[in-house]
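Participant: This is protein.txt, which holds compact mmCIF, C-alpha atoms:
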# COMPACT_ATOMS: atom_id res chain seq x y z
CA MET N 28 -19.21 41.30 -26.71
CA ALA N 29 -16.94 44.21 -25.89
CA GLY N 30 -15.75 45.74 -22.66
CA LEU N 31 -15.24 44.23 -19.29
CA TRP N 32 -17.54 42.01 -17.32
CA ALA N 33 -17.11 40.56 -13.90
CA LEU N 34 -18.73 37.70 -12.12
CA VAL N 35 -18.12 37.24 -8.41
CA LEU N 36 -18.07 33.64 -7.24
CA LEU N 37 -17.63 33.04 -3.54
CA LEU N 38 -16.60 29.66 -2.24
CA PRO N 39 -16.99 30.00 1.53
CA LEU N 40 -16.17 27.33 3.96
CA ALA N 41 -19.59 27.69 5.36
CA VAL N 42 -20.89 24.26 5.96
CA LEU N 43 -24.29 24.90 7.45
CA SER N 44 -26.29 24.76 4.24
CA ALA N 45 -24.29 21.83 2.99
CA ALA N 46 -26.53 19.40 4.83
CA GLY N 47 -29.27 19.91 2.30
CA ARG N 48 -26.86 18.90 -0.42
CA GLY N 49 -25.83 15.69 1.29
CA CYS N 50 -22.53 17.06 2.49
CA LEU N 51 -21.77 16.94 6.19
CA PRO N 52 -21.93 20.53 7.42
CA ALA N 53 -18.86 20.14 9.50
CA LEU N 54 -16.84 18.96 6.57
CA CYS N 55 -17.96 21.09 3.80
CA GLY N 56 -16.42 24.32 4.61
CA ALA N 57 -13.04 23.46 5.59
CA VAL N 58 -9.87 23.21 3.72
CA LEU N 59 -10.53 26.51 2.36
CA SER N 60 -10.55 26.76 5.99
CA ALA N 61 -13.58 28.49 5.06
CA GLY N 62 -14.65 29.14 1.60
CA ALA N 63 -13.23 30.81 -1.34
CA CYS N 64 -14.16 33.70 -3.48
CA VAL N 65 -13.68 33.49 -7.16
CA LEU N 66 -13.66 36.64 -9.25
CA LEU N 67 -14.07 35.98 -12.95
CA ALA N 68 -13.30 38.98 -15.10
CA ARG N 69 -13.32 38.93 -18.88
CA CYS N 70 -10.77 41.50 -19.81
CA ARG N 71 -11.05 41.69 -23.57
CA ALA N 72 -13.44 40.55 -26.27
CA GLY N 73 -12.41 37.98 -28.80
CA GLY N 74 -10.15 36.07 -26.44
CA GLY N 75 -10.94 32.72 -28.09
CA LEU N 76 -12.47 29.63 -26.55
CA CYS N 77 -9.36 27.53 -26.00
CA ARG N 78 -9.56 25.07 -23.14
CA ARG N 79 -6.35 26.11 -21.41
CA VAL N 80 -6.10 27.23 -17.78
CA CYS N 81 -3.16 28.65 -15.88
CA VAL N 82 -3.24 27.90 -12.13
CA LEU N 83 -0.88 30.12 -10.12
CA VAL N 84 0.23 29.78 -6.49
CA LEU N 85 2.87 32.05 -4.94
CA GLY N 86 3.76 29.25 -2.58
CA ASP N 87 4.92 25.64 -2.39
CA LEU N 88 2.90 23.74 -4.99
CA GLY N 89 3.13 20.46 -3.14
CA ARG N 90 1.64 22.10 -0.06
CA SER N 91 -1.21 23.82 -1.89
CA PRO N 92 -3.76 20.98 -2.02
CA ARG N 93 -6.75 23.10 -2.94
CA MET N 94 -5.11 24.44 -6.07
CA LEU N 95 -3.88 20.96 -6.96
CA ASN N 96 -7.48 19.81 -6.61
CA HIS N 97 -8.57 22.60 -8.98
CA ALA N 98 -5.93 21.48 -11.48
CA MET N 99 -7.07 17.85 -11.28
CA SER N 100 -10.72 18.80 -11.73
CA LEU N 101 -9.94 21.03 -14.68
CA SER N 102 -7.87 18.32 -16.39
CA ARG N 103 -10.57 15.73 -15.72
CA ASN N 104 -13.00 17.96 -17.58
CA GLY N 105 -10.84 18.34 -20.65
CA PHE N 106 -8.84 21.47 -19.83
CA THR N 107 -5.10 21.67 -20.35
CA VAL N 108 -3.53 23.09 -17.19
CA THR N 109 -0.30 24.98 -16.64
CA LEU N 110 0.46 24.81 -12.93
CA LEU N 111 2.78 27.54 -11.64
CA GLY N 112 4.28 27.75 -8.16
CA TYR N 113 7.35 27.36 -6.00
CA PRO N 114 9.23 24.06 -5.79
CA GLY N 115 9.27 22.24 -2.47
CA ALA N 116 7.11 19.32 -1.43
CA LYS N 117 6.51 16.77 -4.15
CA PRO N 118 2.91 16.88 -5.44
CA HIS N 119 0.81 13.73 -5.46
CA ARG N 120 1.69 11.29 -8.25
CA ASP N 121 -1.80 11.73 -9.72
CA VAL N 122 -0.79 15.32 -10.52
CA LEU N 123 2.72 14.46 -11.70
CA SER N 124 1.52 11.71 -14.03
CA ASN N 125 -1.37 13.68 -15.52
CA ASP N 126 -0.57 14.42 -19.17
CA LYS N 127 -2.95 17.41 -19.16
CA ILE N 128 -1.08 19.16 -16.34
CA ASN N 129 2.24 20.87 -17.03
CA ILE N 130 4.10 22.04 -13.93
CA VAL N 131 6.29 25.14 -14.27
CA TYR N 132 8.24 25.99 -11.14
CA ILE N 133 8.91 29.61 -10.21
CA THR N 134 12.03 30.71 -8.37
CA GLU N 135 11.05 32.38 -5.13
CA VAL N 136 12.27 35.98 -4.97
CA MET N 137 14.48 36.44 -1.92
CA THR N 138 15.74 39.78 -0.65
CA THR N 139 19.39 39.54 0.40
CA MET N 140 20.33 43.22 0.35
CA LYS N 141 21.92 44.66 3.48
CA PHE N 142 21.24 48.28 2.65
CA GLY N 143 18.13 50.42 2.48
CA SER N 144 15.06 50.47 4.70
CA LYS N 145 12.77 47.46 5.08
CA ILE N 146 10.13 49.30 3.08
CA PHE N 147 12.60 49.83 0.25
CA GLN N 148 13.64 46.17 0.31
CA TYR N 149 10.02 45.04 0.33
CA GLY N 150 9.15 47.40 -2.51
CA LEU N 151 12.04 46.07 -4.57
CA LYS N 152 10.93 42.49 -3.92
CA VAL N 153 7.39 43.31 -5.05
CA PHE N 154 8.74 45.00 -8.18
CA VAL N 155 10.91 41.99 -9.08
CA GLN N 156 8.04 39.58 -8.37
CA THR N 157 5.76 41.61 -10.63
CA LEU N 158 8.23 41.43 -13.51
CA GLN N 159 8.77 37.73 -12.89
CA ILE N 160 5.05 36.89 -12.87
CA CYS N 161 4.33 38.95 -15.97
CA TYR N 162 7.27 37.40 -17.84
CA ILE N 163 6.20 33.84 -17.06
CA LEU N 164 2.52 34.43 -17.82
CA LEU N 165 3.37 36.07 -21.14
CA LYS N 166 5.75 33.25 -22.02
CA ILE N 167 3.22 30.40 -21.68
CA ASP N 168 0.46 29.69 -24.22
CA ALA N 169 -2.43 32.11 -23.76
CA PRO N 170 -4.99 30.47 -21.44
CA SER N 171 -8.72 31.01 -21.47
CA TYR N 172 -8.61 31.35 -17.66
CA MET N 173 -6.02 32.33 -15.08
CA LEU N 174 -6.74 30.97 -11.61
CA LEU N 175 -4.86 32.57 -8.71
CA GLN N 176 -4.79 31.61 -5.05
CA ASN N 177 -5.11 34.55 -2.67
CA PRO N 178 -3.61 35.10 -0.17
CA PRO N 179 -0.84 35.71 -0.94
CA GLY N 180 -2.12 38.23 -3.45
CA LEU N 181 0.51 40.95 -3.56
CA PRO N 182 1.68 41.62 -6.22
CA ALA N 183 0.13 38.67 -8.05
CA ILE N 184 -3.40 40.08 -8.37
CA ALA N 185 -2.25 43.23 -10.18
CA ALA N 186 0.25 41.34 -12.35
CA VAL N 187 -2.20 38.62 -13.39
CA TRP N 188 -4.95 41.17 -14.05
CA ALA N 189 -2.61 43.13 -16.32
CA VAL N 190 -1.67 40.01 -18.27
CA CYS N 191 -5.36 39.10 -18.57
CA LEU N 192 -5.97 42.50 -20.16
CA LEU N 193 -3.23 41.84 -22.69
CA ARG N 194 -4.15 38.23 -23.48
CA GLY N 195 -7.93 38.30 -23.24
CA SER N 196 -8.05 35.72 -20.46
CA LYS N 197 -10.63 35.50 -17.70
CA PHE N 198 -9.28 36.14 -14.23
CA ILE N 199 -10.25 33.82 -11.37
CA ILE N 200 -9.25 34.52 -7.77
CA ASP N 201 -9.72 31.78 -5.20
CA TRP N 202 -10.01 33.42 -1.78
CA HIS N 203 -9.24 30.22 0.03
CA ASN N 204 -9.53 31.60 3.56
CA TYR N 205 -12.69 33.64 3.71
CA GLY N 206 -16.38 33.06 3.02
CA TYR N 207 -19.43 35.05 4.05
CA THR N 208 -19.99 33.14 7.30
CA ILE N 209 -16.38 33.76 8.27
CA MET N 210 -16.48 37.44 7.24
CA SER N 211 -19.65 37.97 9.28
CA LEU N 212 -17.80 37.08 12.48
CA THR N 213 -15.77 40.27 12.23
CA HIS N 214 -17.89 42.52 10.01
CA GLY N 215 -21.42 41.53 11.06
CA ASP N 216 -24.21 39.98 9.00
CA HIS N 217 -25.21 43.27 7.34
CA HIS N 218 -21.81 44.56 6.28
CA PRO N 219 -21.73 45.29 2.51
CA ILE N 220 -18.89 42.85 1.85
CA VAL N 221 -20.81 40.09 3.66
CA LEU N 222 -23.96 40.82 1.66
CA ILE N 223 -21.99 40.68 -1.58
CA ALA N 224 -20.43 37.41 -0.51
CA LYS N 225 -23.86 35.92 0.24
CA TRP N 226 -24.97 36.85 -3.28
CA ALA N 227 -22.23 34.79 -4.83
CA THR N 228 -22.27 31.10 -5.75
CA THR N 229 -20.98 28.82 -2.99
CA LEU N 230 -18.54 25.96 -3.51
CA TYR N 231 -18.25 23.86 -0.38
CA ASP N 232 -14.85 22.44 0.25
CA CYS N 233 -15.02 18.68 0.63
CA PRO N 234 -12.31 16.01 0.79
CA SER N 235 -10.69 14.81 -2.40
CA PRO N 236 -11.10 11.12 -3.34
CA ILE N 237 -7.64 10.18 -2.06
CA PHE N 238 -8.82 10.72 1.53
CA ARG N 239 -10.71 7.61 2.64
CA GLU N 240 -10.47 4.77 5.12
CA THR N 241 -7.37 2.67 4.56
CA PRO N 242 -7.71 -1.12 4.14
CA LEU N 243 -5.69 -3.17 6.63
CA GLU N 244 -3.42 -4.45 3.87
CA LEU N 245 -2.35 -0.91 2.96
CA GLN N 246 -2.03 0.02 6.62
CA HIS N 247 0.38 -2.87 7.17
CA LYS N 248 2.40 -1.90 4.10
CA LEU N 249 2.76 1.70 5.31
CA PHE N 250 3.58 0.69 8.89
CA THR N 251 6.25 -1.68 7.59
CA LYS N 252 7.73 1.15 5.57
CA LEU N 253 7.69 3.59 8.49
CA ALA N 254 9.17 0.97 10.84
CA LYS N 255 12.44 1.25 8.92
CA ASP N 256 12.91 4.78 10.26
CA PHE N 257 10.74 5.00 13.37
CA ASP N 258 10.91 2.59 16.29
CA ALA N 259 7.33 3.41 17.30
CA PHE N 260 6.08 1.47 14.25
CA LYS N 261 8.24 -1.61 14.81
CA ALA N 262 6.91 -4.91 16.20
CA ARG N 263 6.78 -4.83 19.99
CA SER N 264 7.58 -8.50 20.43
CA GLU N 265 11.15 -9.73 19.94
CA SER N 266 9.98 -13.29 19.22
CA VAL N 267 7.70 -13.10 16.20
CA PRO N 268 6.59 -16.47 14.75
CA SER N 269 8.10 -17.24 11.35
CA ASN N 270 4.67 -17.31 9.69
CA LEU N 271 3.91 -13.74 10.80
CA GLU N 272 5.15 -10.32 9.70
CA GLN N 273 4.44 -7.82 12.43
CA THR N 274 4.42 -4.09 12.98
CA ALA N 275 3.41 -2.38 16.21
CA PHE N 276 -0.20 -2.37 15.05
CA THR N 277 -0.74 -5.11 12.44
CA GLU N 278 0.36 -8.59 11.50
CA LEU N 279 0.45 -10.33 8.14
CA HIS N 280 -0.27 -14.07 8.16
CA ALA N 281 2.07 -15.58 5.57
CA GLY N 282 -0.06 -18.66 4.95
CA THR N 283 -3.32 -16.86 4.19
CA GLY N 284 -2.07 -13.41 3.24
CA THR N 285 -4.58 -11.83 5.61
CA VAL N 286 -3.78 -8.81 7.78
CA THR N 287 -5.27 -8.25 11.24
CA HIS N 288 -4.82 -5.76 14.04
CA ILE N 289 -2.66 -6.95 16.91
CA GLN N 290 -4.54 -7.41 20.17
CA GLY N 291 -3.43 -4.87 22.74
CA ARG N 292 -1.90 -2.67 20.08
CA PRO N 293 -1.10 1.00 20.79
CA ALA N 294 -3.62 3.65 19.83
CA ILE N 295 -2.65 5.92 16.92
CA LEU N 296 -3.00 9.66 17.47
CA LEU N 297 -2.37 11.80 14.39
CA SER N 298 -1.79 15.46 13.75
CA SER N 299 -0.36 17.50 10.89
CA THR N 300 1.14 20.95 10.97
CA SER N 301 3.19 23.56 9.17
CA TRP N 302 4.99 24.20 12.47
CA THR N 303 4.06 27.88 12.65
CA GLU N 304 2.81 30.14 15.43
CA ASP N 305 -0.75 29.39 14.32
CA GLU N 306 -0.49 26.12 16.24
CA ASP N 307 0.75 25.79 19.82
CA PHE N 308 1.99 22.21 20.06
CA SER N 309 2.97 22.66 23.69
CA ILE N 310 -0.73 22.09 24.36
CA LEU N 311 -0.51 18.61 22.88
CA LEU N 312 2.78 17.84 24.64
CA LYS N 313 1.32 18.81 28.01
CA ALA N 314 -1.78 16.70 27.32
CA LEU N 315 0.40 13.71 26.46
CA GLU N 316 2.34 14.25 29.67
CA GLU N 317 -0.93 14.06 31.57
CA TYR N 318 -1.94 10.95 29.60
CA GLU N 319 1.33 9.31 30.62
CA GLY N 320 0.49 10.22 34.21
CA PHE N 321 -2.91 8.58 33.95
CA ILE N 322 -1.29 5.26 33.02
CA ASN N 323 1.38 5.58 35.72
CA SER N 324 -1.35 6.12 38.30
CA GLY N 325 -2.95 2.79 37.42
CA ILE N 326 -5.66 3.83 34.95
CA THR N 327 -6.06 1.21 32.19
CA LEU N 328 -5.25 2.93 28.92
CA PRO N 329 -3.44 1.76 25.79
CA PRO N 330 0.09 2.87 24.97
CA LEU N 331 -0.02 5.72 22.51
CA VAL N 332 1.86 6.49 19.31
CA CYS N 333 1.50 10.15 18.36
CA ALA N 334 2.63 10.82 14.80
CA ILE N 335 2.92 14.47 13.77
CA THR N 336 3.45 15.14 10.06
CA GLY N 337 4.67 18.29 8.37
CA LYS N 338 7.54 20.73 7.95
CA GLY N 339 7.95 24.29 9.12
CA PRO N 340 10.03 26.94 10.90
CA LEU N 341 9.25 25.84 14.47
CA GLN N 342 9.81 22.13 13.95
CA GLU N 343 13.30 22.14 15.44
CA PHE N 344 12.05 24.06 18.48
CA TYR N 345 9.37 21.47 19.20
CA ASN N 346 11.68 18.55 18.41
CA ASN N 347 13.97 19.84 21.15
CA LEU N 348 11.05 19.92 23.58
CA ILE N 349 10.04 16.38 22.60
CA GLU N 350 13.57 15.09 23.16
CA LYS N 351 13.42 16.31 26.77
CA LEU N 352 10.30 14.22 27.45
CA HIS N 353 10.96 10.75 28.79
CA PHE N 354 7.75 8.83 28.33
CA LYS N 355 7.35 5.11 28.80
CA HIS N 356 3.85 4.68 27.41
CA VAL N 357 3.69 7.50 24.84
CA HIS N 358 5.86 7.61 21.71
CA ILE N 359 6.03 10.81 19.69
CA CYS N 360 7.49 10.93 16.19
CA THR N 361 7.65 13.86 13.80
CA LEU N 362 7.82 12.87 10.17
CA TRP N 363 7.43 14.11 6.63
CA LEU N 364 5.43 11.84 4.35
CA GLU N 365 5.23 11.55 0.61
CA ALA N 366 1.99 12.90 -0.82
CA GLU N 367 0.76 9.36 -1.50
CA ASP N 368 1.44 8.16 2.07
CA TYR N 369 -0.24 11.00 3.97
CA PRO N 370 -3.86 10.01 3.21
CA VAL N 371 -2.99 6.36 3.89
CA LEU N 372 -1.73 7.29 7.36
CA LEU N 373 -4.81 9.40 8.11
CA GLY N 374 -7.01 6.51 7.07
CA SER N 375 -5.11 4.24 9.47
CA GLY N 376 -5.42 6.38 12.60
CA ASP N 377 -7.71 6.14 15.60
CA LEU N 378 -8.01 9.85 16.43
CA GLY N 379 -6.85 13.15 14.98
CA VAL N 380 -5.80 16.27 16.87
CA CYS N 381 -6.05 19.78 15.44
CA LEU N 382 -4.27 22.69 17.13
CA HIS N 383 -4.94 25.12 14.29
CA LYS N 384 -5.72 28.57 15.59
CA SER N 385 -4.92 31.09 12.87
CA THR N 386 -3.65 34.58 13.56
CA SER N 387 -7.01 35.88 12.34
CA GLY N 388 -8.91 33.16 14.20
CA LEU N 389 -11.17 32.96 11.18
CA ASP N 390 -9.92 30.33 8.75
CA LEU N 391 -10.90 26.69 9.14
CA PRO N 392 -8.26 23.95 9.04
CA MET N 393 -8.04 21.88 5.88
CA LYS N 394 -6.43 19.05 7.81
CA VAL N 395 -9.73 18.36 9.57
CA VAL N 396 -11.54 18.01 6.25
CA ASP N 397 -8.93 15.48 5.20
CA MET N 398 -9.31 13.62 8.49
CA PHE N 399 -13.08 13.54 8.18
CA GLY N 400 -12.71 12.26 4.63
CA CYS N 401 -10.75 9.35 6.13
CA ARG N 402 -13.53 8.88 8.73
CA LEU N 403 -11.09 9.93 11.44
CA PRO N 404 -12.70 11.66 14.46
CA VAL N 405 -10.96 14.81 15.67
CA CYS N 406 -10.25 16.63 18.91
CA ALA N 407 -9.80 20.29 17.97
CA ILE N 408 -8.89 23.41 19.89
CA ASP N 409 -11.71 25.92 20.11
CA PHE N 410 -11.81 29.20 18.18
CA PRO N 411 -14.65 31.42 16.87
CA CYS N 412 -15.72 29.64 13.67
CA LEU N 413 -14.73 26.05 14.50
CA HIS N 414 -18.37 25.02 15.00
CA GLU N 415 -18.81 25.21 11.24
CA LEU N 416 -16.60 22.17 10.93
CA VAL N 417 -16.27 20.19 14.16
CA LYS N 418 -19.56 19.26 15.81
CA HIS N 419 -18.89 18.59 19.49
CA GLU N 420 -20.06 15.13 20.54
CA GLU N 421 -21.00 14.28 16.94
CA ASN N 422 -17.84 13.91 14.87
CA GLY N 423 -15.30 14.86 17.51
CA LEU N 424 -14.64 16.92 20.61
CA ILE N 425 -13.61 20.53 21.16
CA PHE N 426 -11.14 21.54 23.88
CA LYS N 427 -9.82 24.84 25.22
CA ASN N 428 -6.62 23.81 27.00
CA SER N 429 -4.19 20.95 27.51
CA HIS N 430 -6.03 19.51 30.51
CA GLU N 431 -9.31 19.29 28.60
CA LEU N 432 -7.49 17.54 25.76
CA ALA N 433 -5.87 15.09 28.18
CA VAL N 434 -9.24 14.22 29.69
CA GLN N 435 -10.70 13.73 26.20
CA LEU N 436 -7.83 11.40 25.24
CA LYS N 437 -8.41 9.36 28.38
CA PHE N 438 -12.15 9.19 27.68
CA LEU N 439 -11.84 8.23 24.00
CA PHE N 440 -8.99 5.75 24.35
CA THR N 441 -10.55 3.81 27.22
CA ASP N 442 -11.40 0.43 25.63
CA PHE N 443 -10.82 2.18 22.27
CA GLN N 444 -10.97 -1.02 20.19
CA ASN N 445 -14.55 -1.58 21.32
CA GLU N 446 -16.73 -0.18 18.55
CA LYS N 447 -19.44 0.68 21.07
CA ASN N 448 -17.36 3.33 22.82
CA LYS N 449 -17.57 7.03 21.96
CA LEU N 450 -14.73 6.87 19.44
CA GLY N 451 -16.63 4.18 17.56
CA VAL N 452 -19.79 6.31 17.64
CA PHE N 453 -17.94 9.25 16.09
CA LYS N 454 -16.57 7.02 13.34
CA ARG N 455 -20.01 5.63 12.56
CA ASN N 456 -21.43 9.15 12.41
CA LEU N 457 -18.76 10.10 9.88
CA LYS N 458 -19.51 7.00 7.80
CA LYS N 459 -23.23 7.76 7.82
CA SER N 460 -22.71 11.36 6.75
CA LYS N 461 -22.33 10.41 3.07
CA MET N 462 -20.03 13.31 2.42
CA VAL N 463 -19.95 14.90 -1.00
CA GLN N 464 -16.46 14.56 -2.44
CA TRP N 465 -14.49 17.34 -4.09
CA ASP N 466 -15.01 16.06 -7.64
CA GLU N 467 -18.78 15.89 -7.41
CA ASN N 468 -19.03 19.26 -5.71
CA TRP N 469 -16.68 20.95 -8.18
CA ASP N 470 -18.51 19.52 -11.20
CA GLU N 471 -21.88 20.69 -9.89
CA THR N 472 -20.78 24.18 -8.88
CA VAL N 473 -17.74 25.43 -10.81
CA LEU N 474 -17.94 23.62 -14.13
CA PRO N 475 -21.34 25.08 -15.16
CA LEU N 476 -20.00 28.57 -14.44
CA LEU N 477 -16.96 28.00 -16.63
CA ALA N 478 -19.18 26.70 -19.41
CA ALA N 479 -21.56 29.64 -19.05
CA SER N 480 -18.72 32.17 -19.18
CA ASN N 481 -17.79 30.93 -22.64
What's the structure tokens form of this structure?
Facilitator:
Amino acid sequence: MAGLWALVLLLPLAVLSAAGRGCLPALCGAVLSAGACVLLARCRAGGGLCRRVCVLVLGDLGRSPRMLNHAMSLSRNGFTVTLLGYPGAKPHRDVLSNDKINIVYITEVMTTMKFGSKIFQYGLKVFVQTLQICYILLKIDAPSYMLLQNPPGLPAIAAVWAVCLLRGSKFIIDWHNYGYTIMSLTHGDHHPIVLIAKWATTLYDCPSPIFRETPLELQHKLFTKLAKDFDAFKARSESVPSNLEQTAFTELHAGTGTVTHIQGRPAILLSSTSWTEDEDFSILLKALEEYEGFINSGITLPPLVCAITGKGPLQEFYNNLIEKLHFKHVHICTLWLEAEDYPVLLGSGDLGVCLHKSTSGLDLPMKVVDMFGCRLPVCAIDFPCLHELVKHEENGLIFKNSHELAVQLKFLFTDFQNEKNKLGVFKRNLKKSKMVQWDENWDETVLPLLAASN
């Protein structure tokens, strides 16, 4: 066949229709915060049917889980993958040890000039990035597909499209933030772009297999590891029997090798963040201050360990705020976990908190999908499309301010180890949901399209 052809594939984060496919509506649209749109364009005839794919992210590879998931799914189905992106966080060992995935790190283009207007400096950066992307893509073995995450798409879309024209590759764009249900919130149901999006094939974003409930043995191992650096995870008792190995939450019985939860243990509240303006963590800090006040006033509540994972530009600012808090019953620790430890921690928690509120107010938080995959209920701050993911009173609670969050924490952590309380109900609802995992969903939706395009 000659000429160009294009196939639009939209992967929205819409979750509503996921129920019919056995995927919990609240879960299925997330991570992509919403869905994704994939544009496949065959740029030249006679490109060959090699099973090579180039996956490109103009961002930190280790912090681009959706594209890592794509790479893993492609390799699992026999494709050889070249994974391009910026160095930073270490990807999961499953990616690093995969012999079908070759990681090529790109040096991030930084503008250090002190002269010229900002527009000139930005234009120069785009020009250099374009040359850099084209050079790298022309240097690697010609792939049958090039898969690009967007945003950020400037100047990558133009550069990758040009290379596709030269090399006869098919161009795939994963619009990881927007799907038709998200677009309709700003454009309306009958806007042309929304109608086009509805026409496209939908890939619901579901948790990858690494996100699941954590067995007590693994919980104890992780808590023991974290106790080396964080006092909140250390054993609370100074006199631990010689036949026991304790953390703040678990104990290992040396004689039997069994691990159990400690009676009267603290509750574990988890959150993750990139420490950007999209998330106002002062809301959580104020809620924890109120929670501390509840206990001081005589209300029976468990002590609380709040672990916040992630790195980002505002981390130091919030660390300074945390240092000024002098809690007796609440312990806050900010930490950065290895890729293998993060899902283990989520699967060990009692409750998750999501403060994600994007600048657009339209993209759903991937962290909640991960938490739901670990059967971890979530309290999430309200914004326009959140209902697609978090179902109030079903798999979590939605709040609008710090006081509402504080009241929810008090409600959920009252007698929290009793499986009959509301927190236990949420966990059982998540277990019963029988969520479709990423692998199954990807194989059913994306793989047939790749096969058909050949």
Participant: Name the residues, using the chain letters and numbers of the file, that sit within 12 Å of (-15.1, 7.4, 18.5) when counting all atoms listed in the file, and give them as number ranges by chain.
Facilitator: N: 376-379, 402-406, 419-424, 435-436, 438-458
Participant: At what distance in Å, to one decimal, does CA of Val82 in chain N lie from CA of Asp232 in chain N?
Facilitator: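 According to the coordinates, CA of Asp232 in chain N and CA of Val82 in chain N are separated by 17.8 Å.
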Participant: Would you list the contacts of Phe276 in chain N as an MDAnalysis selection string, taking every protein, DNA or RNA residue within 6 Å and counting all atoms listed in the file, but skipping same-chain residues closer than 3 positions in sequence?
Facilitator: chainID N and resid 288:289 292
Participant: Considering only C-alpha atoms, can you say which of N:Leu348, N:Cys81, N:Pro340, N:Gln156 comes closest to Phe308 in chain N?
Facilitator: N:Leu348
Participant: Which value, in Å to one decimal, gives the distance between CA of Gly337 in chain N and CA of Glu272 in chain N?
Facilitator: 28.6 Å
Participant: Using all atoms listed in the file, find all polymer residues with an atom at most 8 Å away from the point (-3.5, 3.8, 6.3); report them as a list of chain:residue names.
Facilitator: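 Within the cut-off we find N:Glu240, N:Thr241, N:Pro242, N:Leu243, N:Leu245, N:Gln246, N:His247, N:Leu249, N:Asp368, N:Pro370, N:Val371, N:Leu372, N:Leu373, N:Gly374, N:Ser375, N:Gly376.
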Participant: Would you kindly return, as a PyMOL selection string, each protein, DNA or RNA residue with an atom no farther than 9 Å from any atom of Trp465 in chain N, considering only C-alpha atoms and excluding same-chain residues fewer than 3 positions away?
Facilitator: chain N and resi 96+100+231-236+468-470
Participant: What's around Leu175 in chain N at 7 Å? Count all atoms listed in the file, leave out sequence neighbours fewer than 5 positions away in its own chain, and write the answer as number ranges by chain.
Facilitator: N: 82-84, 199-201
Participant: Residues at most 12 Å from range 157-163 of chain N, counting only C-alpha atoms, excluding those fewer than 3 positions away in the same chain, as a PyMOL selection string?
Facilitator: chain N and resi 81+83-85+109-113+131-136+150-154+166-169+175+180-194
Participant: So which residues touch Glu319 in chain N within 9 Å, counting all atoms listed in the file, skipping near sequence neighbours fewer than 3 positions away, as a ChimeraX atom specification?
Facilitator: /N:314-316,322-324,330-331,354-357
Participant: So how many Å separate CA of Ala275 in chain N and CA of Lys261 in chain N, to one decimal?
Facilitator: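 Distance reported for this atom pair: 5.1 Å.
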Participant: Measuring atom to atom with all atoms listed in the file, identify which of N:Ala433, N:Met137, N:Glu471, N:Ser91 is nearest to Pro178 in chain N.
Facilitator: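 Among the listed residues, N:Ser91 lies closest to Pro178 in chain N.
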Participant: Hey, which of N:His383, N:Ser269, N:Leu95, N:Cys333 ends up closest to Ala281 in chain N? Count only C-alpha atoms.
Facilitator: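 Smallest distance to Ala281 in chain N is found for N:Ser269.
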Participant: Using only C-alpha atoms, find the one residue out of N:Leu296, N:Ile128, N:Val380, N:Leu253 that sits nearest to Phe106 in chain N.
Facilitator: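 Nearest to Phe106 in chain N: N:Ile128.
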Participant: Measuring atom to atom with all atoms listed in the file, identify which of N:Leu391, N:Met94, N:Leu476, N:Val463 is nearest to Leu174 in chain N.
Facilitator: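 Closest to Leu174 in chain N, using all atoms listed in the file: N:Met94.
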Participant: Could you check the closest approach to Leu477 in chain N for each of N:Met173, N:Ala407, N:Cys381, N:Ala116 and tell me which residue wins, using only C-alpha atoms?
Facilitator: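 Smallest distance to Leu477 in chain N is found for N:Met173.
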